[in-house]
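Novice: Structure below; questions to follow.
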Amino acid sequence: MISVEGLTVEFNATALFAGVNYVINKKDRIALVGKNGAGKSTMLKILAGLQLPTGGSVSIPRDVTIGYLPQVMVLADNRTVMQEAERAFEHIFEMQAELERLNRELAERTDYESEDYHKLIDRFTHENDRFLMMGGTNFQAEIERTLMGLGFVREDFDRPTSEFSGGWRMRIELAKLLLRRPDVLLLDEPTNHLDIESIQWLETFLSTRANAVVLVSHDRAFLNGVTTRTIEITCGQIHDYRVKYDEYVVLRKDRREQQLRAYENQQKQIEDTEAFIERFRYKATKAVQVQSRQKQLDKIERIEVDEEDNSSLRLKFPPACRSGNYPVICEDVKKAYGNHVIFHDVNLTINRGEKVAFVGKNGEGKSTLVKCIMDEIDYEGKLTIGHNVQIGYFAQNQAQMLDENLTVFDTIDRVAVGDIRLKIRDILGAFMFGGEASDKKVKVLSGGERTRLAMIKLLLQPVNLLILDEPTNHLDMRTKDVLKEAIRAFEGTVIMVSHDRDFLDGLATKVYEFGGGLVREHLGGIYDFLQRKKMETLDELQKGASLSSSPTAAKNESDVPGPTPVREAQLDYAAQKELNKKIKKLERQVADCEEQIGQTESAIAILEVRMATPEGASDMALYEQHQKLKQQLDSIVEEWEQISLELDEVKN
């Protein structure tokens, strides 16, 4: 369908890629890959007709339609969801206006027998048939079906788009693309800001219902689920693999090893030839051979080895002091905006050293609870931050909060303190900002580069509680892997808000699911959670459990003989809630005891330092105070032991 021939793009006389050739066929599902800055987004813009290449051509048949989803969207905040979705049918509105114009012209003219009048009738008939064939009379119903299929409800249709989060705005754009039914979908990082359920829905749609797809994404699981062909941009060229991403990684490694061997052999040949030329350059008897060797040398087509990012990217969180046993405790926490309740009755305890994931649909309160923990917004209920907790917070918009007029070096220089200032260049080099890259202005950095820079700022301070809100957005796969390993080795506590299944796999040991105003705890990793959710859905379908949540079920509950499953579930829920409250209360008491023990031990240590001085050794009042504190410490430790035993019994 689309033919790319001799494509060349240059920026400031430097070639991004040159002489690129490939074809996009019907039903192709292509992953466009390469390191940050290789030109993936530029390639999509050229295919979409939004950017002109320096040379070469992109041939697209006139009847082939293109749908492009950019990495950064700009939606007008003065439109409603329905009005924005209707923009997918602007061509229908144009046809409708043209039909009305033709109809008026037919009504006004009186030359019924003329050839022009008959041509006008034929044109009107043709355009009207085309209008009907394109669904001109029922597009409203199609919009509603698509929006509701993407998770919107009818009440959302008249709400302005400004009220929706980034993930829901992405769905509006997706709805517009799907309604247009393009022959080729160009998607630039479509999973950024989408929740896990939305990603799974999109994965299923693209792999089963879409036409041709060209996709840029750093979500390995998503690429493997959707694509069947991988085009890599490297060294200004492309390499086309007819396999999905995981298979491409293996083939790429083999190809690079072959390139290295061929490159080494060629370098040896060049060195030998140059040595011969240098040796006999000034001997008249060897002039012919020297000229012959020089011509051979000039004709050699130099072998290039694919770019391999060998930057020493090492993420190491600096050591921090030990926090209390329970860094975060929520008791009946509730957050509402007016009558709109985000969540309620949130009761959770995060233990020291745990790595937990917050998951759920966009708008269900994941980032809101993080803001409550950070005390950025008010809330109802009790939220306790544990003893000696030092928080490092990476917000969703952290990369956008950087000062665009500063250079990379100045950005870090302004937050670095002490001896770390002497190592700024080394740190920047470790994050692939070595050499001239450290003098770049922030405003010219890509999304991935900005995210890396914001991550450096986070790493400069020692913390024992990391809160990361969508940390992998715009990070390439290698950087994500390194970040994942650093978090795995981090000895403190971690809260991660993320939609990236591959990133969370093997990292999160507990999942908190946000949905329906509630926060539910699931033990195990992310794939355990996803598998369990699918099984629960099947069970609900088999048992007809949806009755319990339907409006009609509540009305007809009295018609069901005997104790209903709904009532039994309510009783179980009430008992479980009471048990959870008791556990939270005991955990809070244990935390209070631990804090008192720490304070008392510190007071005893101070007294013992004073008692070791000549003046203190003769002060009997100090000895009496020391004895009282020791007795107080014994009493607190005894209380702590009793409560801890009771907590263990309740939990078991």
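Please note that chains go A, B, ... in the order of the structure tokens, that every chain numbers its residues from 1, and that ligands are numbered from 1 in the order shown.
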Write out as a PyMOL selection string which residues come within 8 Å of A:Leu16 when counting only C-alpha atoms, dropping same-chain ones fewer than 5 positions away.

Specialist: chain A and resi 8-11+38-39+236

Novice: Excluding A:Met620 and its own-chain neighbours fewer than 5 positions away, which residues fall within 12 Å of it when counting only C-alpha atoms? Please give them as a ChimeraX atom specification.

Specialist: /A:607,610-611,615,625-627

Novice: Given only C-alpha atoms, how would the per-residue table for stretch 52-103 of chain A near stretch 216-235 of chain A read, listing every residue at most 12 Å away with its closest atom pair and distance in Å to one decimal, sorted by chain and number, as a tab-separated table?

Specialist:
residue	atom	partner	partner_atom	distance
A:Tyr68	CA	A:Val216	CA	11.6
A:Leu69	CA	A:Val216	CA	10.4
A:Pro70	CA	A:Val216	CA	10.2
A:Gln71	CA	A:Val216	CA	9.3

Novice: Output the selection as a compact mmCIF listing (two decimals), in the first residue's frame - all heavy atoms for each residue.

Specialist:
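Done, and the output landed in result-v5.txt:
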# COMPACT_ATOMS: atom_id res chain seq x y z
N TYR A 68 -3.20 8.82 12.21
CA TYR A 68 -1.97 9.07 12.96
C TYR A 68 -2.29 9.47 14.40
O TYR A 68 -3.05 10.41 14.63
CB TYR A 68 -1.16 10.16 12.27
CG TYR A 68 0.06 10.64 13.03
CD1 TYR A 68 1.06 9.76 13.43
CD2 TYR A 68 0.21 12.00 13.34
CE1 TYR A 68 2.18 10.21 14.12
CE2 TYR A 68 1.33 12.46 14.02
CZ TYR A 68 2.31 11.56 14.41
OH TYR A 68 3.41 12.00 15.10
N LEU A 69 -1.72 8.75 15.36
CA LEU A 69 -1.87 9.08 16.78
C LEU A 69 -0.52 9.58 17.28
O LEU A 69 0.42 8.80 17.42
CB LEU A 69 -2.29 7.85 17.59
CG LEU A 69 -2.58 8.12 19.07
CD1 LEU A 69 -3.90 8.86 19.23
CD2 LEU A 69 -2.63 6.82 19.86
N PRO A 70 -0.38 10.90 17.53
CA PRO A 70 0.91 11.43 17.95
C PRO A 70 1.23 11.09 19.40
O PRO A 70 0.35 10.70 20.18
CB PRO A 70 0.74 12.95 17.78
CG PRO A 70 -0.73 13.17 17.97
CD PRO A 70 -1.41 11.94 17.42
N GLN A 71 2.49 11.25 19.77
CA GLN A 71 2.93 10.98 21.14
C GLN A 71 2.35 12.01 22.10
O GLN A 71 1.97 11.69 23.21
CB GLN A 71 4.46 11.02 21.19
CG GLN A 71 5.05 10.40 22.43
CD GLN A 71 6.56 10.32 22.37
OE1 GLN A 71 7.25 10.72 23.29
NE2 GLN A 71 7.09 9.85 21.27

Novice: For a test of reading the model, state the distance in Å between atom CA of A:Trp201 and atom CA of A:Leu150, rounded to one decimal.

Specialist: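 The value is 8.4 Å.
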
Novice: Quick one: distance from atom CA of A:Ser207 to atom CA of A:Lys244 in Å, one decimal?

Specialist: 12.3 Å
